[in-house]
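Chemist: Sharing final.txt (compact mmCIF, C-alpha atoms) below.
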# COMPACT_ATOMS: atom_id res chain seq x y z
CA MET U 1 21.82 136.68 207.87
CA GLU U 2 24.51 138.65 206.06
CA LYS U 3 25.89 135.54 204.40
CA ASN U 4 22.49 134.36 203.18
CA THR U 5 20.35 137.47 202.76
CA PHE U 6 22.66 140.25 201.60
CA VAL U 7 23.74 138.19 198.57
CA LYS U 8 20.21 137.45 197.33
CA PRO U 9 19.84 139.27 193.98
CA ALA U 10 16.85 141.42 195.00
CA VAL U 11 18.53 142.50 198.26
CA ALA U 12 22.01 142.95 196.77
CA GLU U 13 20.65 145.14 193.99
CA ILE U 14 18.90 147.52 196.38
CA LEU U 15 21.93 147.65 198.68
CA GLU U 16 24.33 148.37 195.80
CA GLN U 17 22.13 151.00 194.14
CA HIS U 18 20.81 152.89 197.14
CA TYR U 19 22.79 152.29 200.32
CA VAL U 20 26.17 152.91 201.90
CA GLU U 21 26.97 150.44 204.64
CA ALA U 22 28.10 151.69 208.02
CA ARG U 23 28.55 149.37 210.98
CA LEU U 24 28.51 150.06 214.66
CA HIS U 25 30.37 147.41 216.60
CA VAL U 26 29.27 147.64 220.21
CA ASP U 27 32.25 145.91 221.78
CA GLU U 28 33.10 149.12 223.65
CA GLU U 29 30.86 150.92 226.13
CA ARG U 30 30.87 154.20 224.18
CA PHE U 31 29.56 152.44 221.07
CA MET U 32 26.97 150.53 223.06
CA GLU U 33 25.84 153.84 224.56
CA LEU U 34 25.59 155.35 221.07
CA GLU U 35 23.36 152.47 219.96
CA ARG U 36 21.25 152.87 223.10
CA THR U 37 20.94 156.62 222.48
CA LEU U 38 20.05 156.31 218.80
CA LEU U 39 17.83 153.26 218.90
CA GLN U 40 16.72 152.98 222.53
CA SER U 41 18.03 149.43 222.40
CA ILE U 42 21.17 147.37 222.62
CA ALA U 43 19.66 144.39 220.80
CA GLN U 44 21.82 142.48 218.35
CA PRO U 45 21.50 142.54 215.48
CA VAL U 46 19.58 145.71 214.78
CA TYR U 47 19.51 147.35 211.37
CA ALA U 48 18.67 151.02 210.86
CA VAL U 49 18.45 153.33 207.88
CA VAL U 50 19.44 156.93 208.57
CA ARG U 51 19.60 159.91 206.24
CA ALA U 52 22.82 160.14 204.25
CA ASP U 53 23.57 163.56 205.71
CA ALA U 54 23.28 162.39 209.33
CA VAL U 55 26.20 163.37 211.53
CA ILE U 56 26.74 160.99 214.44
CA PRO U 57 29.66 162.10 216.62
CA VAL U 58 30.90 159.31 218.86
CA GLY U 59 31.60 160.39 222.41
CA ASP U 60 30.37 163.99 222.05
CA PRO U 61 28.41 164.78 225.24
CA SER U 62 26.44 167.50 223.43
CA PHE U 63 25.19 165.02 220.80
CA ASP U 64 21.40 165.13 220.44
CA ALA U 65 20.15 161.76 219.20
CA SER U 66 16.81 163.30 218.26
CA SER U 67 18.65 165.12 215.44
CA VAL U 68 19.18 161.78 213.67
CA GLN U 69 16.13 160.63 211.78
CA ILE U 70 15.71 156.84 211.74
CA LEU U 71 14.00 156.14 208.41
CA SER U 72 13.58 152.40 208.86
CA ARG U 73 14.50 149.85 211.52
CA LEU U 74 14.61 146.08 211.79
CA ASP U 75 15.33 144.31 215.07
CA GLY U 76 16.75 140.84 214.81
CA ALA U 77 17.76 138.71 211.89
CA LYS U 78 14.51 138.39 210.00
CA ALA U 79 15.68 137.55 206.50
CA ASP U 80 12.19 137.41 205.05
CA GLU U 81 11.50 140.99 206.22
CA PHE U 82 14.83 142.54 205.20
CA ILE U 83 13.81 143.66 201.70
CA ASP U 84 10.70 145.33 203.11
CA PHE U 85 12.93 147.09 205.65
CA LEU U 86 15.17 148.40 202.83
CA ARG U 87 12.20 149.56 200.76
CA ALA U 88 10.69 151.32 203.79
CA GLY U 89 13.96 153.21 204.27
CA LEU U 90 13.95 154.30 200.64
CA ALA U 91 10.32 155.38 200.78
CA ALA U 92 10.94 157.41 203.95
CA SER U 93 13.86 159.16 202.26
CA GLY U 94 11.78 160.05 199.21
CA SER U 95 13.61 157.58 196.97
CA GLU U 96 12.28 154.52 195.26
CA VAL U 97 13.64 151.26 193.95
CA ARG U 98 14.62 151.87 190.30
CA ALA U 99 14.98 148.26 189.26
CA GLN U 100 14.37 144.91 190.78
CA THR U 101 15.78 141.51 190.07
CA PRO U 102 13.10 138.84 190.38
Produce structure tokens that represent the structure in this file.
Modeler:
Amino acid sequence: MEKNTFVKPAVAEILEQHYVEARLHVDEERFMELERTLLQSIAQPVYAVVRADAVIPVGDPSFDASSVQILSRLDGAKADEFIDFLRAGLAASGSEVRAQTP
């Protein structure tokens, strides 16, 4: 999906203007547990939009996952739904898409 969808002009423009990419590789148990705690899932792939000011401490036993607001979520590689997922995240954050490439 990343090779085909992220490079589409409409998707790339929203990603470049509004998002900072962060990845969680769940090849270690502590990262898998973090995904499970945040998203109640260990599905792959899963995409989530969180607030820019979210603090997600890995391995901190006092971490409260309910303190992280998930603004938008997409389970699986559904390329045709990805732009809607991005727009939903922006809308939930109070932002909007400033420009769109057809």
Chemist: Mind giving me the straight-line distance from CA of Pro45 (chain U) to CA of Glu13 (chain U) in Å, one decimal?
Modeler: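 The value is 21.7 Å.
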Chemist: In terms of the shortest atom-to-atom distance over only C-alpha atoms, which of U:Met32, U:Asp75, U:Ile56, U:Val50 is closest to Ala92 (chain U)?
Modeler: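 Selected residue with least distance to Ala92 (chain U): U:Val50.
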Chemist: With a distance cut-off of 10 Å and only C-alpha atoms, select the neighbouring residues of Gly89 (chain U), excluding the residue or stretch itself and same-chain residues fewer than 6 positions from it, and output the selection as a list in words.
Modeler: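 Surrounding residues, per the criterion: His18, Tyr19, Ala48, Val49, Val50, Arg51, Ile70, Leu71, Ser72, Arg73, Ile83, Ser95 and Glu96 of chain U.
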Chemist: Using CA of Leu39 (chain U) and CA of Asp60 (chain U) as the two end points, give the distance in Å to one decimal.
Modeler: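 Pair CA of Leu39 (chain U) / CA of Asp60 (chain U) returns 16.8 Å.
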Chemist: So what do you get for CA of Gln40 (chain U) versus CA of Ala88 (chain U), distance-wise?
Modeler: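 About the pair CA of Gln40 (chain U) and CA of Ala88 (chain U): they are 19.8 Å apart.
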Chemist: Draw an axis-aligned box over all listed atoms of region 50-69 of chain U, pad each side with 4 Å, and write its centre and edge lengths in Å, one decimal, as lines of an AutoDock Vina configuration file.
Modeler:
center_x = 23.9
center_y = 162.2
center_z = 214.7
size_x = 23.5
size_y = 18.6
size_z = 29.0
Chemist: List as number ranges by chain the protein and nucleic acid residues near Asp53 (chain U), meaning an atom at most 12 Å away when all atoms listed in the file are counted, but skip any in the same chain fewer than 4 places from it.
Modeler: U: 20, 49, 67-70, 93
Chemist: For the residues in the current selection, export C-alpha atoms as an mmCIF file, in the coordinates of the input.
Modeler:
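Result went into part17.cif, see below:
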data_model
loop_
_atom_site.group_PDB
_atom_site.id
_atom_site.type_symbol
_atom_site.label_atom_id
_atom_site.label_comp_id
_atom_site.auth_asym_id
_atom_site.auth_seq_id
_atom_site.Cartn_x
_atom_site.Cartn_y
_atom_site.Cartn_z
ATOM 1 C CA VAL U 20 26.170 152.910 201.900
ATOM 2 C CA VAL U 49 18.450 153.330 207.880
ATOM 3 C CA SER U 67 18.650 165.120 215.440
ATOM 4 C CA VAL U 68 19.180 161.780 213.670
ATOM 5 C CA GLN U 69 16.130 160.630 211.780
ATOM 6 C CA ILE U 70 15.710 156.840 211.740
ATOM 7 C CA SER U 93 13.860 159.160 202.260
#
Chemist: Between U:Glu2, U:Val58, U:Ala65, U:Phe82, single out the one closest to Phe31 (chain U), counting all atoms listed in the file.
Modeler: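 Under the stated criterion, the closest residue is U:Val58.
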Chemist: Pick the closest to Glu33 (chain U) from U:Ala91, U:Val55, U:Ala10, U:Pro61: which is it, counting all atoms listed in the file?
Modeler: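 Result for the nearest residue to Glu33 (chain U): U:Pro61.
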Chemist: Determine the nearest neighbour of Glu81 (chain U) from the options U:Val11, U:Glu28, U:Pro57, U:Glu35, counting only C-alpha atoms.
Modeler: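 Of the candidates, the smallest distance to Glu81 (chain U) is held by U:Val11.
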Chemist: Let me make sure I understand: among U:Leu74, U:Val7, U:Leu15, U:Ala22, which one has the smallest atom-to-atom distance to Ala43 (chain U) if we use all atoms listed in the file?
Modeler: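 Smallest separation from Ala43 (chain U) among the options: U:Leu74.
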Chemist: If I put a ball of radius 7 Å at (14.0, 147.1, 198.6) in the file's coordinates, which residues poke into it when counting all atoms listed in the file, written as a short mmCIF file (atom, residue, chain, number, x, y, z; two decimals) with C-alpha atoms, in the coordinates of the input?
Modeler:
data_model
loop_
_atom_site.label_atom_id
_atom_site.label_comp_id
_atom_site.auth_asym_id
_atom_site.auth_seq_id
_atom_site.Cartn_x
_atom_site.Cartn_y
_atom_site.Cartn_z
CA VAL U 11 18.53 142.50 198.26
CA ILE U 14 18.90 147.52 196.38
CA ILE U 83 13.81 143.66 201.70
CA ASP U 84 10.70 145.33 203.11
CA LEU U 86 15.17 148.40 202.83
CA ARG U 87 12.20 149.56 200.76
CA VAL U 97 13.64 151.26 193.95
#
Chemist: Between U:Asn4, U:Leu34, U:Gly94, U:Arg23, which residue has the minimum interatomic distance to Asp64 (chain U), considering all atoms listed in the file?
Modeler: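 Selected residue with least distance to Asp64 (chain U): U:Leu34.
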Chemist: Once N, CA and C atoms are restored for region 55-66 of chain U, what would the output be as a compact mmCIF listing (two decimals), in the coordinates of the input?
Modeler:
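Result went into selection_0.txt, see below:
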# COMPACT_ATOMS: atom_id res chain seq x y z
N VAL U 55 24.90 163.25 210.88
CA VAL U 55 26.20 163.37 211.53
C VAL U 55 26.04 162.74 212.92
N ILE U 56 26.84 161.72 213.18
CA ILE U 56 26.74 160.99 214.44
C ILE U 56 28.11 161.00 215.11
N PRO U 57 28.36 162.00 215.96
CA PRO U 57 29.66 162.10 216.62
C PRO U 57 29.75 161.15 217.81
N VAL U 58 30.71 160.27 217.78
CA VAL U 58 30.90 159.31 218.86
C VAL U 58 31.59 160.00 220.03
N GLY U 59 30.99 159.87 221.20
CA GLY U 59 31.60 160.39 222.41
C GLY U 59 31.40 161.87 222.66
N ASP U 60 30.63 162.56 221.85
CA ASP U 60 30.37 163.99 222.05
C ASP U 60 29.22 164.14 223.04
N PRO U 61 29.47 164.68 224.24
CA PRO U 61 28.41 164.78 225.24
C PRO U 61 27.28 165.71 224.83
N SER U 62 27.50 166.59 223.86
CA SER U 62 26.44 167.50 223.43
C SER U 62 25.60 166.91 222.29
N PHE U 63 25.91 165.67 221.90
CA PHE U 63 25.19 165.02 220.80
C PHE U 63 23.72 164.84 221.16
N ASP U 64 22.85 165.26 220.26
CA ASP U 64 21.40 165.13 220.44
C ASP U 64 20.89 164.05 219.49
N ALA U 65 20.59 162.89 220.03
CA ALA U 65 20.15 161.76 219.20
C ALA U 65 18.86 162.06 218.45
N SER U 66 18.05 162.97 218.96
CA SER U 66 16.81 163.30 218.26
C SER U 66 17.06 164.02 216.94
